[in-house]
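K.L.:
I am attaching a structure below and will ask some questions about it afterwards.
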Amino acid sequence: MNDIQFLQQLLQIDSSNPPGNEHLVTEAFINRCKQNGLPFKVTMLDETRSNFEVTLPGKSGKQLVLCGHMDTVSPGTGEWIYSPFSGEIADGRIYGRGASDMKSGLAAMFLALEDLYLTSTVPPAGVTFLATAGEEVDSCGARTFIKENDCRKIDALIIAEPTNEKIVIGHKGALWLEITAYGKTSHGSMPERGINAVDHMLKIVRLLDEMKIEWMTDRKPLGKSSLAVTMIEGGVQTNVIPDKCSIRADIRTVPPQSHSSFINMLKSKLDLLMDQGEIYKYSVETILDRPSILTDPAEDIIQIAQMIKGKSSANHYGVSYYTDGAVLNPRSEIPTLIYGPGDEKLAHQPNEWVSLAAYQRSIQFYRQLIMTYGNWGPEMQVLCKEEEKVEQYTDKKC
């Protein structure tokens, strides 16, 4: 089975989350490893969900982790040109749910390690391929890995989320809140006898609009923080004054913004509205809390990626979506590179695809990255600086 057929096999597996069923993807990795004698580790989360690991020892004590998730979002209700689990190939692209986000990056990382193993190549640093469950919902796989490896040394982390082959050094934080306004029911013809929770929620939404502007921060390369009300639910029936109304808010943050500070500020402002008689009662519940992560561009893993891509690709980017890096590296203490062949604009969309050329380039990119990390010292950096006119970095160069 060649590289493209292997990706096609992964795309033909339905690992939509919920429910996940990531162990089906794990089984594909297991079968591939057994064919080639590649040692592996499986961590079961439950009967249908698991994490998968392959570790190759290195020449030094440094440890590099390559991480990707096996679950995808559901195919959705949009119209697909090809079946979302067909892995159809057309015009240099392969289609399917997860093609960009992120089975192409996942497969490319694994194949880079597999090639090293099959050629008996010992990398400079120890390297672990980690395929996780659950990233699209609760990062249960990454949380399980951290729980079982809380003392594990990780010197650098690479995450294969879709970046369209750009060097990404960080992502925004994500804070999802459910805010509920409470009231008292009465007959719809006698609204003065009740307390209308929907009316009060309108005041809360206006407050959030004000906070969106007041709290907004811009931090390169991640961009601006944002706040959006994305769901609303309330009311019993047309002729009943509602005693409850809830909204969901999606808040994206950038350093140095603090999620706890935002929640405290929000509650303080809501308390003031209560004191002023503008609202009756409220509650705020945290649904998801993922910190932003950001890596210094001077870190070895970023410098190496930059050299592999060539001097013309020295720009560094940030992305709006969160990754398992928020769980594996919540305080940005581990230098982290986000890099994958998929296009983030295609993620979670109908007719998701990835360029086969980008996918195959990524296999070589990850291999070169592994073979350079751990050897990256002052002499190597000087040698690379002398090769600024070289457009494509290869193993024969620094």
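How things are named: the first chain in the structure tokens is A, the next is B, and so on; residues count from 1 in each chain; ligands count from 1 in the order shown.
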If you run DSSP over the backbone, which residues in segment 20-139 of chain A end up strand (DSSP E or B)? Put them as an MDAnalysis selection string.

P.N.:
chainID A and resid 41:46 49:56 63:69 72 89:90 93:95 126:132

K.L.:
Keeping N, CA and C atoms, export the residues of the selection given above as a CSV table (one decimal), in the first residue's frame.

P.N.:
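Just written: again24.csv:
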```csv
chain,number,residue,atom,x,y,z
A,41,LYS,N,2.2,1.4,20.5
A,41,LYS,CA,1.5,1.3,21.8
A,41,LYS,C,0.1,1.8,21.6
A,42,VAL,N,-0.9,1.1,22.2
A,42,VAL,CA,-2.3,1.5,22.1
A,42,VAL,C,-2.8,1.8,23.6
A,43,THR,N,-3.5,2.9,23.8
A,43,THR,CA,-4.1,3.2,25.0
A,43,THR,C,-5.6,3.3,24.8
A,44,MET,N,-6.3,2.4,25.4
A,44,MET,CA,-7.8,2.3,25.2
A,44,MET,C,-8.4,3.4,26.1
A,45,LEU,N,-9.3,4.2,25.6
A,45,LEU,CA,-10.1,5.1,26.4
A,45,LEU,C,-11.5,4.5,26.8
A,46,ASP,N,-12.0,3.7,25.8
A,46,ASP,CA,-13.2,2.8,26.1
A,46,ASP,C,-13.2,1.8,25.0
A,49,ARG,N,-12.7,3.7,21.5
A,49,ARG,CA,-11.9,4.9,21.4
A,49,ARG,C,-10.5,4.6,22.0
A,50,SER,N,-9.5,5.2,21.4
A,50,SER,CA,-8.1,4.9,21.8
A,50,SER,C,-7.1,5.9,21.3
A,51,ASN,N,-5.9,6.0,21.9
A,51,ASN,CA,-4.8,6.7,21.4
A,51,ASN,C,-3.8,5.7,20.9
A,52,PHE,N,-3.0,6.2,19.9
A,52,PHE,CA,-2.0,5.3,19.3
A,52,PHE,C,-0.6,6.0,19.3
A,53,GLU,N,0.4,5.2,19.6
A,53,GLU,CA,1.8,5.8,19.7
A,53,GLU,C,2.8,4.9,19.0
A,54,VAL,N,3.8,5.6,18.4
A,54,VAL,CA,5.0,4.9,17.9
A,54,VAL,C,6.1,5.7,18.3
A,55,THR,N,7.1,5.1,18.9
A,55,THR,CA,8.3,5.9,19.4
A,55,THR,C,9.6,5.3,18.8
A,56,LEU,N,10.4,6.1,18.3
A,56,LEU,CA,11.7,5.7,17.8
A,56,LEU,C,12.8,6.4,18.7
A,63,GLN,N,13.7,14.9,23.2
A,63,GLN,CA,12.4,14.2,22.8
A,63,GLN,C,11.5,15.1,22.0
A,64,LEU,N,11.1,14.6,20.8
A,64,LEU,CA,10.3,15.3,19.9
A,64,LEU,C,8.9,14.5,19.8
A,65,VAL,N,7.8,15.2,19.9
A,65,VAL,CA,6.5,14.6,19.8
A,65,VAL,C,5.8,15.2,18.5
A,66,LEU,N,5.3,14.3,17.7
A,66,LEU,CA,4.5,14.6,16.5
A,66,LEU,C,3.0,14.2,16.8
A,67,CYS,N,2.1,15.1,16.8
A,67,CYS,CA,0.8,14.8,17.3
A,67,CYS,C,-0.3,15.2,16.3
A,68,GLY,N,-1.3,14.3,16.2
A,68,GLY,CA,-2.5,14.6,15.3
A,68,GLY,C,-3.7,13.9,15.9
A,69,HIS,N,-4.9,14.3,15.5
A,69,HIS,CA,-6.1,13.6,16.0
A,69,HIS,C,-6.7,12.8,15.0
A,72,THR,N,-12.9,13.3,13.4
A,72,THR,CA,-13.3,14.4,12.5
A,72,THR,C,-14.7,14.9,13.0
A,89,ILE,N,-10.3,10.3,-5.5
A,89,ILE,CA,-9.2,11.1,-6.1
A,89,ILE,C,-9.6,11.7,-7.4
A,90,ALA,N,-9.4,13.0,-7.5
A,90,ALA,CA,-9.8,13.7,-8.8
A,90,ALA,C,-8.9,15.0,-8.9
A,93,ARG,N,-6.4,15.9,-6.3
A,93,ARG,CA,-6.9,16.1,-4.9
A,93,ARG,C,-7.5,14.8,-4.4
A,94,ILE,N,-7.5,14.6,-3.1
A,94,ILE,CA,-8.3,13.5,-2.5
A,94,ILE,C,-9.3,14.1,-1.6
A,95,TYR,N,-10.6,13.6,-1.7
A,95,TYR,CA,-11.7,14.1,-1.1
A,95,TYR,C,-12.2,13.3,0.1
A,126,GLY,N,15.0,11.4,20.2
A,126,GLY,CA,13.9,10.5,20.2
A,126,GLY,C,12.7,11.1,19.7
A,127,VAL,N,11.8,10.4,19.0
A,127,VAL,CA,10.6,10.9,18.4
A,127,VAL,C,9.4,10.0,18.6
A,128,THR,N,8.3,10.6,19.0
A,128,THR,CA,7.1,9.9,19.3
A,128,THR,C,6.0,10.4,18.3
A,129,PHE,N,5.3,9.5,17.6
A,129,PHE,CA,4.1,9.8,16.9
A,129,PHE,C,2.9,9.5,17.8
A,130,LEU,N,2.1,10.5,18.0
A,130,LEU,CA,0.9,10.4,18.9
A,130,LEU,C,-0.3,10.7,18.2
A,131,ALA,N,-1.2,9.7,18.0
A,131,ALA,CA,-2.5,9.9,17.4
A,131,ALA,C,-3.6,9.9,18.5
A,132,THR,N,-4.3,11.0,18.6
A,132,THR,CA,-5.2,11.1,19.7
A,132,THR,C,-6.7,11.0,19.3
```

K.L.:
Would you please give, as a PyMOL selection string, all residues of segment 33-264 of chain A that DSSP assigns to helix (DSSP H, G or I) based on the backbone?

P.N.:
chain A and resi 33-36+99-118+140-148+191-193+197-215+259-264

K.L.:
Keeping only C-alpha atoms, write the selected residues as a PDB file, in the first residue's frame.

P.N.:
```pdb
ATOM      1  CA  CYS A  33       2.856  -1.496  11.856  1.00  0.00           C
ATOM      2  CA  LYS A  34       2.460  -5.267  11.977  1.00  0.00           C
ATOM      3  CA  GLN A  35       3.205  -5.530   8.260  1.00  0.00           C
ATOM      4  CA  ASN A  36       6.490  -3.673   8.746  1.00  0.00           C
ATOM      5  CA  ALA A  99      -8.835  15.175   4.258  1.00  0.00           C
ATOM      6  CA  SER A 100      -7.609  18.584   5.442  1.00  0.00           C
ATOM      7  CA  ASP A 101      -8.560  18.354   9.124  1.00  0.00           C
ATOM      8  CA  MET A 102      -6.479  16.362   9.644  1.00  0.00           C
ATOM      9  CA  LYS A 103      -5.977  12.822   8.425  1.00  0.00           C
ATOM     10  CA  SER A 104      -3.569  14.010   5.721  1.00  0.00           C
ATOM     11  CA  GLY A 105      -1.252  15.522   8.328  1.00  0.00           C
ATOM     12  CA  LEU A 106      -1.733  12.518  10.588  1.00  0.00           C
ATOM     13  CA  ALA A 107      -0.813  10.052   7.838  1.00  0.00           C
ATOM     14  CA  ALA A 108       2.138  12.177   6.682  1.00  0.00           C
ATOM     15  CA  MET A 109       3.657  12.236  10.172  1.00  0.00           C
ATOM     16  CA  PHE A 110       3.285   8.493  10.575  1.00  0.00           C
ATOM     17  CA  LEU A 111       4.785   7.757   7.147  1.00  0.00           C
ATOM     18  CA  ALA A 112       7.795   9.962   7.936  1.00  0.00           C
ATOM     19  CA  LEU A 113       8.520   7.848  11.032  1.00  0.00           C
ATOM     20  CA  GLU A 114       7.822   4.622   9.174  1.00  0.00           C
ATOM     21  CA  ASP A 115      10.370   5.546   6.502  1.00  0.00           C
ATOM     22  CA  LEU A 116      13.048   6.151   9.134  1.00  0.00           C
ATOM     23  CA  TYR A 117      12.314   2.781  10.694  1.00  0.00           C
ATOM     24  CA  LEU A 118      12.321   0.888   7.392  1.00  0.00           C
ATOM     25  CA  CYS A 140     -10.131  13.262  25.779  1.00  0.00           C
ATOM     26  CA  GLY A 141      -7.167  11.579  24.081  1.00  0.00           C
ATOM     27  CA  ALA A 142      -4.716  14.404  24.785  1.00  0.00           C
ATOM     28  CA  ARG A 143      -5.978  14.632  28.373  1.00  0.00           C
ATOM     29  CA  THR A 144      -5.462  10.894  28.855  1.00  0.00           C
ATOM     30  CA  PHE A 145      -1.940  11.134  27.433  1.00  0.00           C
ATOM     31  CA  ILE A 146      -1.041  13.985  29.805  1.00  0.00           C
ATOM     32  CA  LYS A 147      -2.569  12.176  32.786  1.00  0.00           C
ATOM     33  CA  GLU A 148      -0.494   9.054  32.099  1.00  0.00           C
ATOM     34  CA  PRO A 191     -46.781  40.133  31.125  1.00  0.00           C
ATOM     35  CA  GLU A 192     -46.643  42.549  34.071  1.00  0.00           C
ATOM     36  CA  ARG A 193     -47.297  39.625  36.421  1.00  0.00           C
ATOM     37  CA  ALA A 197     -36.154  36.215  30.803  1.00  0.00           C
ATOM     38  CA  VAL A 198     -35.941  36.862  27.049  1.00  0.00           C
ATOM     39  CA  ASP A 199     -36.177  40.629  27.608  1.00  0.00           C
ATOM     40  CA  HIS A 200     -33.405  40.353  30.184  1.00  0.00           C
ATOM     41  CA  MET A 201     -31.263  38.275  27.840  1.00  0.00           C
ATOM     42  CA  LEU A 202     -31.423  41.078  25.270  1.00  0.00           C
ATOM     43  CA  LYS A 203     -29.772  43.326  27.852  1.00  0.00           C
ATOM     44  CA  ILE A 204     -27.091  40.694  28.468  1.00  0.00           C
ATOM     45  CA  VAL A 205     -26.392  40.401  24.739  1.00  0.00           C
ATOM     46  CA  ARG A 206     -25.997  44.190  24.527  1.00  0.00           C
ATOM     47  CA  LEU A 207     -23.569  43.976  27.450  1.00  0.00           C
ATOM     48  CA  LEU A 208     -21.534  41.348  25.596  1.00  0.00           C
ATOM     49  CA  ASP A 209     -21.430  43.598  22.525  1.00  0.00           C
ATOM     50  CA  GLU A 210     -19.944  46.361  24.681  1.00  0.00           C
ATOM     51  CA  MET A 211     -17.436  43.951  26.251  1.00  0.00           C
ATOM     52  CA  LYS A 212     -16.411  42.699  22.807  1.00  0.00           C
ATOM     53  CA  ILE A 213     -15.098  46.181  22.001  1.00  0.00           C
ATOM     54  CA  GLU A 214     -13.827  46.997  25.490  1.00  0.00           C
ATOM     55  CA  TRP A 215     -11.896  43.731  25.863  1.00  0.00           C
ATOM     56  CA  HIS A 259     -10.118  33.598  30.594  1.00  0.00           C
ATOM     57  CA  SER A 260     -10.706  33.791  34.340  1.00  0.00           C
ATOM     58  CA  SER A 261     -10.360  37.582  34.180  1.00  0.00           C
ATOM     59  CA  PHE A 262     -12.985  37.753  31.437  1.00  0.00           C
ATOM     60  CA  ILE A 263     -15.421  35.608  33.429  1.00  0.00           C
ATOM     61  CA  ASN A 264     -14.866  37.695  36.560  1.00  0.00           C
TER      62      ASN A 264
END
```

K.L.:
In terms of the shortest atom-to-atom distance over only C-alpha atoms, which of A:Val354, A:Met265, A:Ile370, A:Leu222 is closest to Leu294 of chain A?

P.N.:
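Result for the nearest residue to Leu294 of chain A: A:Leu222.
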
K.L.:
Select, from A:Met307, A:Pro350, A:Gln237, A:Ser226, the residue with the minimum atom-to-atom distance to Glu79 of chain A, counting only C-alpha atoms.

P.N.:
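Closest to Glu79 of chain A of all the choices is A:Pro350.
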
K.L.:
Using only C-alpha atoms, pick whichever of A:Pro18, A:Gly98, A:Gly325, A:Pro335 has the shortest atom-to-atom distance to Ala298 of chain A.

P.N.:
A:Pro335
